[in-house]
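Undergrad: First the structure, which I've put down as structure tokens, then a few questions once you've had a look.
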Amino acid sequence: MEEREPSTSRQSNPEQPQPWTAESPPPSRSSPPPQTLTPVQSIQNNEEDQDFHKIPEQGTQQSKGCLKKLKHGLKSLWTTRLTLESDDKKLQVRTTLKELVVYILFLVLLSIVAIGMTSTSMYYVTKVMSELFLDSSSGSVSFRTVGSVGDTWTFLQGILPSALHWNLWYNRSLPSSFVFYENKLLGLPRIRQLKVSNNSCVVHEYFRDIIFDCYGEYSESNEDRNSKYDVDNYTAFTYQSEASLDGSSSEGKLTSYSGGGFVQNLGTTKLQTTQIMEHLFRKSWITRGTRALFIDFTVYNANVNLFCVVRLSVEFPATGGAMTSWSFRTVKLLRYVTVFDFFVLACEGFFAFFILYYIIEELLEISHVKLAYFKSVWNLLDITVIIISIVILVFDVYRTVTVDKKLKELTNKPDQFQDFDFISLWQIRFDNAIAITVFIAWVKLFKYVSFNKTMTQLTSTLARCAKDLAGFAVMYFIVFLAFTQLGYLLFGSKLKDFSDFTSSFFALFNIILGSFDFYALREVDPYLGPTFFMLFIFFIFFILVNMFLAIINDTYSEVKSELANQSDDFQISDYFLTRYRKTLGKIHAKEDRVLDLDDVLKYADANADGKIDFDEWRQDLIKRGYANGEIEALFCKYDADGSRYLDQEEQMRLRQDLEKQKEQINKDYDHLNETQNQASENDDSDNDSVTGGSAPRAARGGFSGVLYEEYTHLCRRVERMEHAVGGIIGKIDAVLSKLANLEKAKIRRRDAIAKILNYLSEGDNKDQVNKEMIESMLKQELSQQEGEETGTGQSEGSLPTSIRESPEVTCYTDNEEDKTFE
């Protein structure tokens, strides 16, 4: 690598070095030196100057690219599994997850809007108001027990004024104009009746000479609209139409009644109301033609911001007697008062945006798949939710405008009756509609979790047995309706539960559920009653209901067995596990880099001078598998002064960055472990629900094997280990080679000394010349031994030259006689 001058490095980057992160190698601090342009480079620069006029065209292309990116972003925003054209499983999982997240946000907003319309105080307001007006009694008469015209007048003259007007505190110390001291009466209460005219029915010719009056059942055609003059100017004797009263029709136990009639407003005090009732009683306001009597009023509780719209109804059937019914509608008509109410208002705004988002999404799906869109039940539920939500938003605006108008009229005319019946009725329907919307929205979650085979067991079972259930339902209801008709005809005149066809229908359903009165049937008819009951139980309960359950059970068993051998379309746990392992591989790589640099700081300083020069840095990192460019960049990052070595301060800064990286890696590990534990628990629970929890994880389709990222990471670490071990093995080989040379030298010396000793033993009587020669030979052998210890020994099996080539020495053999030295 080419060395750079320190001054050049400092001039190229005057900024202070930034902390290094192990995620990516930092850029090199030093810039390349200025170069002299060659003629070829000059020509290229001139051509670039000539192409300057093409910049507007490039800007146009860039603008087109931005529009294309914007279009792609908008398209991906509304991309669903239905409009996705790719078969990539991962892309389908990501799209499904995006849909699920967006839908959960929509569901949260819808739930907040629904909860904002209700309150736990609604029940208690209804409870106290119903107990006051229904259970308060005068003698043995309460509104619940009213059964005649006399009982009705007892309630109107005694109980009703006391319940409506609380003029004093309980100890009569303070005046009070609130019902139960907390509920403000809005406007005046009103009483209204509907009558039928005489001769509204036909008397049989046998009784025409005896019965002269005939008042039939109520209908608008039979309604009596004749007004009478009252000297006291009471409006109770003047008929007013539904349009003039701005009223609406209402349902009773017997029939439906119009919004008109004979109307009288009550007083603002108990005394005034009592006087009005006494006057009406004297004038016989309730007649034989009276078919319905309605008492209407509204109270408002400011403590909980709730309206209670009350209607007490008494119906007088043509058979005689009286039947009571009541309605207590506790509603929240003033929506935005508290801080939480304004938070709900903000959620309603976001809810409207979500509805707009889903409208566009459904239109795109319809344009993509055409009429096939309407074949899916989930798509039909989407359309239902959107339609109901639009109605909800429209009614929300209508209710706000209407309530404001009513309250302004109440402020201007406090002595008039204010009819909140219509708006309260639609508020109740509005609450019911949003409740149904929330229910459908929760059920629609199955659409987004259908990629898991455990979640599809319910829908798959119902879809597969739908045809069988449809055919069975026809047979079931034929038999059931036959019993319904039989029960109505046999017991309709004697038992309330069978008094009409509808009541008989639900009474038989109650028998299936175990709620019945067998003794009442036997008392009505000791023969037909028990027979009817036993036949119904046998055919409906023991046969048809069990067949219904058998169809579902058999289908469920088939679906479960098929799902056990079928892999999930989208195993969400495997998807998250794959993401987890990828992230884990990245964290491992970061950790390796941090550990490598930590080891460099510990061991790279070979000369122990407290400084790490670039050669030591480079040599250590090359052994660990780093590239030269990366080594240069890392070194320059912390070589602030460009001295080509890292002093103690620069090493300390590097250690601090490494410690920060270690802390971040530990946090990443903890977060991944939590995510993996949750994914493993969900995956095990899903698989156990299908396999019964008896099969091992690998057999249940759990994730097995090693991902490519982990494999690459392990291979890289093994290569580094092999590189380090290779150096150690090389040194060991060198040591073994030296030891082998020493061993060989020892063998050669042993052989040579043995030959010398043999020579001495054979020449005992030699002269002094031989002794001198032997001494020189020994000295030569010792010098050769020293050379062999330093690696310069002779070849194996060679003798000293003085012995092999000396012309003055003649070696003796066994077959030769003694010879003298020359």
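FYI, nothing fancy with the structure tokens labels: chains A, B, ... in order, residues from 1 per chain, ligands from 1 as they appear.
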Identify, on the basis of only C-alpha atoms, every residue whose closest approach to Leu544 in chain A does not exceed 10 Å; exclude the query and any residue fewer than 3 positions from it along the same chain; express the result as a PyMOL selection string.
TA: chain A and resi 472-473+475-477+479-480+537-541+547-550
Undergrad: If you run DSSP on the backbone, which residues of range 190-342 of chain A are alpha helix (DSSP H), as a list in words?
TA: Glu242, Ala243, Ser244, Leu245, Lys270, Leu271, Gln272, Thr273, Thr274, Gln275, Ile276, Met277, Glu278, His279, Leu280, Phe281, Arg282, Val339, Phe340, Asp341 and Phe342 of chain A
Undergrad: Give me a file of those residues, with N, CA and C atoms, as a CSV table (one decimal), in the first residue's frame.
TA:
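Produced file part_19.csv, reproduced below:
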chain,number,residue,atom,x,y,z
A,242,GLU,N,-100.6,14.4,12.9
A,242,GLU,CA,-99.1,14.1,13.1
A,242,GLU,C,-98.3,15.2,12.5
A,243,ALA,N,-98.6,15.8,11.4
A,243,ALA,CA,-97.8,16.9,10.8
A,243,ALA,C,-97.8,18.1,11.7
A,244,SER,N,-99.0,18.5,12.3
A,244,SER,CA,-99.0,19.6,13.1
A,244,SER,C,-98.2,19.5,14.4
A,245,LEU,N,-98.2,18.2,14.9
A,245,LEU,CA,-97.4,18.0,16.1
A,245,LEU,C,-95.9,17.7,15.8
A,270,LYS,N,-96.3,20.3,40.4
A,270,LYS,CA,-97.2,19.2,40.8
A,270,LYS,C,-98.6,19.6,40.9
A,271,LEU,N,-98.9,20.8,41.5
A,271,LEU,CA,-100.3,21.3,41.6
A,271,LEU,C,-100.9,21.4,40.3
A,272,GLN,N,-100.2,22.1,39.3
A,272,GLN,CA,-100.8,22.3,38.0
A,272,GLN,C,-101.1,21.0,37.3
A,273,THR,N,-100.2,20.0,37.4
A,273,THR,CA,-100.4,18.7,36.7
A,273,THR,C,-101.6,18.0,37.4
A,274,THR,N,-101.7,18.1,38.7
A,274,THR,CA,-102.9,17.4,39.4
A,274,THR,C,-104.2,18.0,39.0
A,275,GLN,N,-104.2,19.3,38.9
A,275,GLN,CA,-105.5,20.0,38.4
A,275,GLN,C,-105.9,19.6,37.0
A,276,ILE,N,-104.9,19.5,36.1
A,276,ILE,CA,-105.2,19.1,34.7
A,276,ILE,C,-105.7,17.7,34.7
A,277,MET,N,-105.2,16.8,35.5
A,277,MET,CA,-105.6,15.4,35.5
A,277,MET,C,-107.1,15.3,36.1
A,278,GLU,N,-107.3,16.1,37.1
A,278,GLU,CA,-108.7,16.1,37.7
A,278,GLU,C,-109.7,16.6,36.7
A,279,HIS,N,-109.3,17.6,35.9
A,279,HIS,CA,-110.3,18.2,34.9
A,279,HIS,C,-110.5,17.1,33.8
A,280,LEU,N,-109.5,16.5,33.4
A,280,LEU,CA,-109.7,15.5,32.3
A,280,LEU,C,-110.5,14.3,32.9
A,281,PHE,N,-110.3,14.0,34.2
A,281,PHE,CA,-111.1,12.9,34.8
A,281,PHE,C,-112.6,13.2,34.8
A,282,ARG,N,-112.9,14.5,35.2
A,282,ARG,CA,-114.3,14.9,35.3
A,282,ARG,C,-114.9,14.9,33.9
A,339,VAL,N,-62.9,16.8,27.4
A,339,VAL,CA,-61.7,16.6,26.6
A,339,VAL,C,-61.7,15.3,25.9
A,340,PHE,N,-62.2,14.2,26.5
A,340,PHE,CA,-62.3,12.9,25.9
A,340,PHE,C,-63.2,13.0,24.7
A,341,ASP,N,-64.3,13.8,24.8
A,341,ASP,CA,-65.2,13.9,23.7
A,341,ASP,C,-64.6,14.5,22.5
A,342,PHE,N,-63.7,15.5,22.7
A,342,PHE,CA,-63.0,16.1,21.6
A,342,PHE,C,-61.9,15.2,21.0
Undergrad: Rounded to one decimal in Å, what is the spacing between CA of Phe343 in chain A and CA of Leu410 in chain A?
TA: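 For CA of Phe343 in chain A relative to CA of Leu410 in chain A, the distance reads 28.4 Å.
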Undergrad: Quick one: residues within 8 Å of range 378-390 of chain A, only C-alpha atoms counted, chain neighbours fewer than 3 positions away excluded, as a PDB file with N, CA, C and O atoms, in the first residue's frame?
TA:
ATOM      1  N   ILE A 355     -62.331   5.534   5.929  1.00  0.00           N
ATOM      2  CA  ILE A 355     -63.429   5.123   5.050  1.00  0.00           C
ATOM      3  C   ILE A 355     -63.138   5.529   3.611  1.00  0.00           C
ATOM      4  O   ILE A 355     -63.349   4.744   2.665  1.00  0.00           O
ATOM      5  N   TYR A 358     -60.559   3.103   2.248  1.00  0.00           N
ATOM      6  CA  TYR A 358     -61.100   1.791   1.890  1.00  0.00           C
ATOM      7  C   TYR A 358     -62.039   1.880   0.681  1.00  0.00           C
ATOM      8  O   TYR A 358     -62.174   0.904  -0.059  1.00  0.00           O
ATOM      9  N   ILE A 359     -62.690   2.998   0.482  1.00  0.00           N
ATOM     10  CA  ILE A 359     -63.504   3.155  -0.727  1.00  0.00           C
ATOM     11  C   ILE A 359     -62.617   3.060  -1.964  1.00  0.00           C
ATOM     12  O   ILE A 359     -62.925   2.346  -2.931  1.00  0.00           O
ATOM     13  N   GLU A 362     -61.372  -0.591  -2.394  1.00  0.00           N
ATOM     14  CA  GLU A 362     -62.366  -1.519  -2.945  1.00  0.00           C
ATOM     15  C   GLU A 362     -62.639  -1.231  -4.414  1.00  0.00           C
ATOM     16  O   GLU A 362     -62.840  -2.152  -5.209  1.00  0.00           O
ATOM     17  N   TYR A 373     -65.034 -10.123  -7.865  1.00  0.00           N
ATOM     18  CA  TYR A 373     -64.896  -9.488  -6.560  1.00  0.00           C
ATOM     19  C   TYR A 373     -66.077  -9.828  -5.646  1.00  0.00           C
ATOM     20  O   TYR A 373     -65.901 -10.036  -4.431  1.00  0.00           O
ATOM     21  N   PHE A 374     -67.280  -9.920  -6.225  1.00  0.00           N
ATOM     22  CA  PHE A 374     -68.488 -10.115  -5.422  1.00  0.00           C
ATOM     23  C   PHE A 374     -68.713 -11.577  -5.056  1.00  0.00           C
ATOM     24  O   PHE A 374     -69.690 -11.886  -4.374  1.00  0.00           O
ATOM     25  N   LYS A 375     -67.816 -12.467  -5.455  1.00  0.00           N
ATOM     26  CA  LYS A 375     -67.955 -13.862  -5.079  1.00  0.00           C
ATOM     27  C   LYS A 375     -67.374 -14.163  -3.702  1.00  0.00           C
ATOM     28  O   LYS A 375     -67.622 -15.225  -3.157  1.00  0.00           O
ATOM     29  N   LEU A 393     -71.572   8.403   9.534  1.00  0.00           N
ATOM     30  CA  LEU A 393     -71.001   9.749   9.445  1.00  0.00           C
ATOM     31  C   LEU A 393     -72.044  10.781   9.054  1.00  0.00           C
ATOM     32  O   LEU A 393     -72.062  11.902   9.602  1.00  0.00           O
ATOM     33  N   VAL A 394     -72.942  10.414   8.137  1.00  0.00           N
ATOM     34  CA  VAL A 394     -74.004  11.349   7.739  1.00  0.00           C
ATOM     35  C   VAL A 394     -74.936  11.618   8.906  1.00  0.00           C
ATOM     36  O   VAL A 394     -75.309  12.776   9.187  1.00  0.00           O
ATOM     37  N   ALA A 433     -76.405   0.442  14.743  1.00  0.00           N
ATOM     38  CA  ALA A 433     -75.678   0.299  13.479  1.00  0.00           C
ATOM     39  C   ALA A 433     -74.170   0.257  13.711  1.00  0.00           C
ATOM     40  O   ALA A 433     -73.454  -0.567  13.125  1.00  0.00           O
ATOM     41  N   ILE A 434     -73.688   1.125  14.584  1.00  0.00           N
ATOM     42  CA  ILE A 434     -72.246   1.126  14.824  1.00  0.00           C
ATOM     43  C   ILE A 434     -71.821  -0.107  15.607  1.00  0.00           C
ATOM     44  O   ILE A 434     -70.706  -0.614  15.456  1.00  0.00           O
ATOM     45  N   THR A 437     -71.485  -2.666  13.027  1.00  0.00           N
ATOM     46  CA  THR A 437     -70.259  -2.399  12.275  1.00  0.00           C
ATOM     47  C   THR A 437     -69.032  -2.902  13.023  1.00  0.00           C
ATOM     48  O   THR A 437     -68.128  -3.506  12.428  1.00  0.00           O
ATOM     49  N   ILE A 440     -68.960  -6.735  12.749  1.00  0.00           N
ATOM     50  CA  ILE A 440     -68.502  -7.194  11.436  1.00  0.00           C
ATOM     51  C   ILE A 440     -67.014  -6.918  11.272  1.00  0.00           C
ATOM     52  O   ILE A 440     -66.272  -7.729  10.701  1.00  0.00           O
ATOM     53  N   ALA A 441     -66.561  -5.763  11.779  1.00  0.00           N
ATOM     54  CA  ALA A 441     -65.146  -5.420  11.654  1.00  0.00           C
ATOM     55  C   ALA A 441     -64.265  -6.410  12.407  1.00  0.00           C
ATOM     56  O   ALA A 441     -63.191  -6.797  11.928  1.00  0.00           O
ATOM     57  N   LYS A 444     -64.158  -9.653  10.529  1.00  0.00           N
ATOM     58  CA  LYS A 444     -63.377  -9.557   9.292  1.00  0.00           C
ATOM     59  C   LYS A 444     -61.881  -9.742   9.521  1.00  0.00           C
ATOM     60  O   LYS A 444     -61.114  -9.856   8.554  1.00  0.00           O
ATOM     61  N   LYS A 447     -60.174 -12.551   7.741  1.00  0.00           N
ATOM     62  CA  LYS A 447     -59.693 -12.379   6.362  1.00  0.00           C
ATOM     63  C   LYS A 447     -58.181 -12.205   6.337  1.00  0.00           C
ATOM     64  O   LYS A 447     -57.513 -12.682   5.421  1.00  0.00           O
TER      65      LYS A 447
END
